[in-house]
Amino acid sequence: MKKLGLALGAVVLLGLVGLIWFAGGWYGSADVEEDTNFIVPSGSTLTAVARQLDDEGLIESSDSFLLRARILGSGDPIQAGEFLIPAGASPSQILDTFQHGQVIRRFVTVPEGLPSILVWERLMAEDLLTGKVEVPEEGSVLPDTYDFERGESRAEVLARMQEAMDSYLAEAWEKRTNKAVVKTPEEAIILASIVEKETAVPEERRMVAGALSNRVRIGMMLGADATTIYPITKGKPLGRRIRVSELRDKNPYNTRAIAGLPVGPITNPGRESIAAVLDPAETKALYYVADGSGGHVFAETLEEHNRNAAAWRKLRRERGEM
């Protein structure tokens, strides 16, 4: 009996040792020596992922990983995407990351006033995106920061940018006041794109929108240089002074030569510029000129404006800019 008891004890002990070893191989550290980005392709099975982990030297073996996963792991499905496996992670942590962890997301930013040709260049330069897109329609993208996953298509990211603009414009349009001169959401984007280019000072947007709205209301030329440049460069910097012939060119964008709104937007305006044209400042101003500090000084009459413009030219000469 004593020998039988010793034998049973030895069996139990061996069983416990085996169980500890088996569990240790699941909950103990794997072979992840440093933080590692790991991609689970769409449609992957756990078996395929285990083999990939084995091939990359992140686990001891795919067979032992799969066996322990089936016995000790969760039965939840794994997600597709890119994940961060931290240094020292256990096989259990690796599986949990694939099942319940956050996919790594990256970001692309469209600043306010970025024209569509540069939005397109930014998307095409992001080498973690896939596929091709055409240059989006001007004014169709809402400036913001957008996240994406590695391997996501450029078309999907661009669609989110455009859906964001549609959503915001619809919401903002419903809040327009009776001071707004624009008659349609499309006109709002056109005028907002000019406001975006005319001032870099957030506090001035509604005032610039007010002056431009006054001009539209009385049929006066808007006189915005950015509308002269747009058909030449599609929104990119001109890199030189505007020629007299370009100022006089009566193309449908050039508000230096035609009255009213241009035929389309000249950039992608941000939320604040759109809001400004839908609720412009209540002002009689028709003119504005740079004040030398980054902002503008506004005037109701041409005589007053000419004095302001003369002061600006004098300041530029003093600065050696002319």
# chains A, B, ... in the order shown; residues from 1 in each chain; ligands from 1

$ select_by_dssp --residues "range 135-263 of chain A" --states "strand (DSSP E)" --output "PyMOL selection string"
chain A and resi 145-148

$ residues_around --residues "Asp225 in chain A" --least-positions-apart "6" --cutoff "8 Å" --atoms "only C-alpha atoms" --output "MDAnalysis selection string"
chainID A and resid 254:256

$ atom_distance --atom1 "CA of Leu278 in chain A" --atom2 "CA of Leu247 in chain A"
28.4 Å

$ residues_around --residues "Ser213 in chain A" --least-positions-apart "2" --cutoff "9 Å" --atoms "only C-alpha atoms" --output "list in words"
Lys179, Ala180, Val181, Val182, Leu191, Val208, Ala209, Gly210, Ala211, Arg215, Val216, Arg217, Ile218, Leu222, Val277, Pro280 and Leu286 of chain A

$ closest_residue --among "A:Ala159, A:Ala311, A:Val263, A:Ala50" --to "Ser62 in chain A" --atoms "only C-alpha atoms"
A:Ala50

$ residues_around --residues "Val108 in chain A" --least-positions-apart "3" --cutoff "9 Å" --atoms "only C-alpha atoms" --output "list of chain:residue names"
A:Arg122, A:Leu123, A:Glu126, A:Asp144, A:Thr145, A:Tyr146, A:Asp147, A:Phe148

$ residues_around --residues "range 204-207 of chain A" --least-positions-apart "2" --cutoff "9 Å" --atoms "only C-alpha atoms" --output "ChimeraX atom specification"
/A:195-196,198-202,209-212,272-273,275-277,279-283,285,295-296,298

$ write_last_selection --atoms "C-alpha atoms" --output "short mmCIF file (atom, residue, chain, number, x, y, z; two decimals), in the first residue's frame"
data_model
loop_
_atom_site.label_atom_id
_atom_site.label_comp_id
_atom_site.auth_asym_id
_atom_site.auth_seq_id
_atom_site.Cartn_x
_atom_site.Cartn_y
_atom_site.Cartn_z
CA VAL A 195 -12.61 83.89 -46.79
CA GLU A 196 -10.20 81.06 -45.96
CA GLU A 198 -8.18 86.13 -47.50
CA THR A 199 -7.28 85.97 -43.80
CA ALA A 200 -5.10 83.84 -41.58
CA VAL A 201 -6.52 85.45 -38.43
CA PRO A 202 -9.41 83.38 -37.00
CA ALA A 209 -17.13 87.41 -44.66
CA GLY A 210 -19.19 90.50 -43.86
CA ALA A 211 -17.23 92.74 -46.23
CA LEU A 212 -17.32 90.17 -49.03
CA GLU A 272 -14.97 78.36 -39.09
CA SER A 273 -14.86 79.93 -42.54
CA ALA A 275 -19.74 79.30 -40.31
CA ALA A 276 -18.50 82.85 -40.99
CA VAL A 277 -20.22 83.18 -44.37
CA ASP A 279 -23.37 84.30 -40.11
CA PRO A 280 -21.17 87.18 -41.29
CA ALA A 281 -20.37 90.18 -39.13
CA GLU A 282 -22.90 92.98 -39.34
CA THR A 283 -20.79 95.69 -40.98
CA ALA A 285 -17.30 97.65 -44.68
CA GLY A 295 -4.54 91.09 -39.92
CA HIS A 296 -6.48 93.69 -41.87
CA PHE A 298 -11.45 97.61 -42.81
#
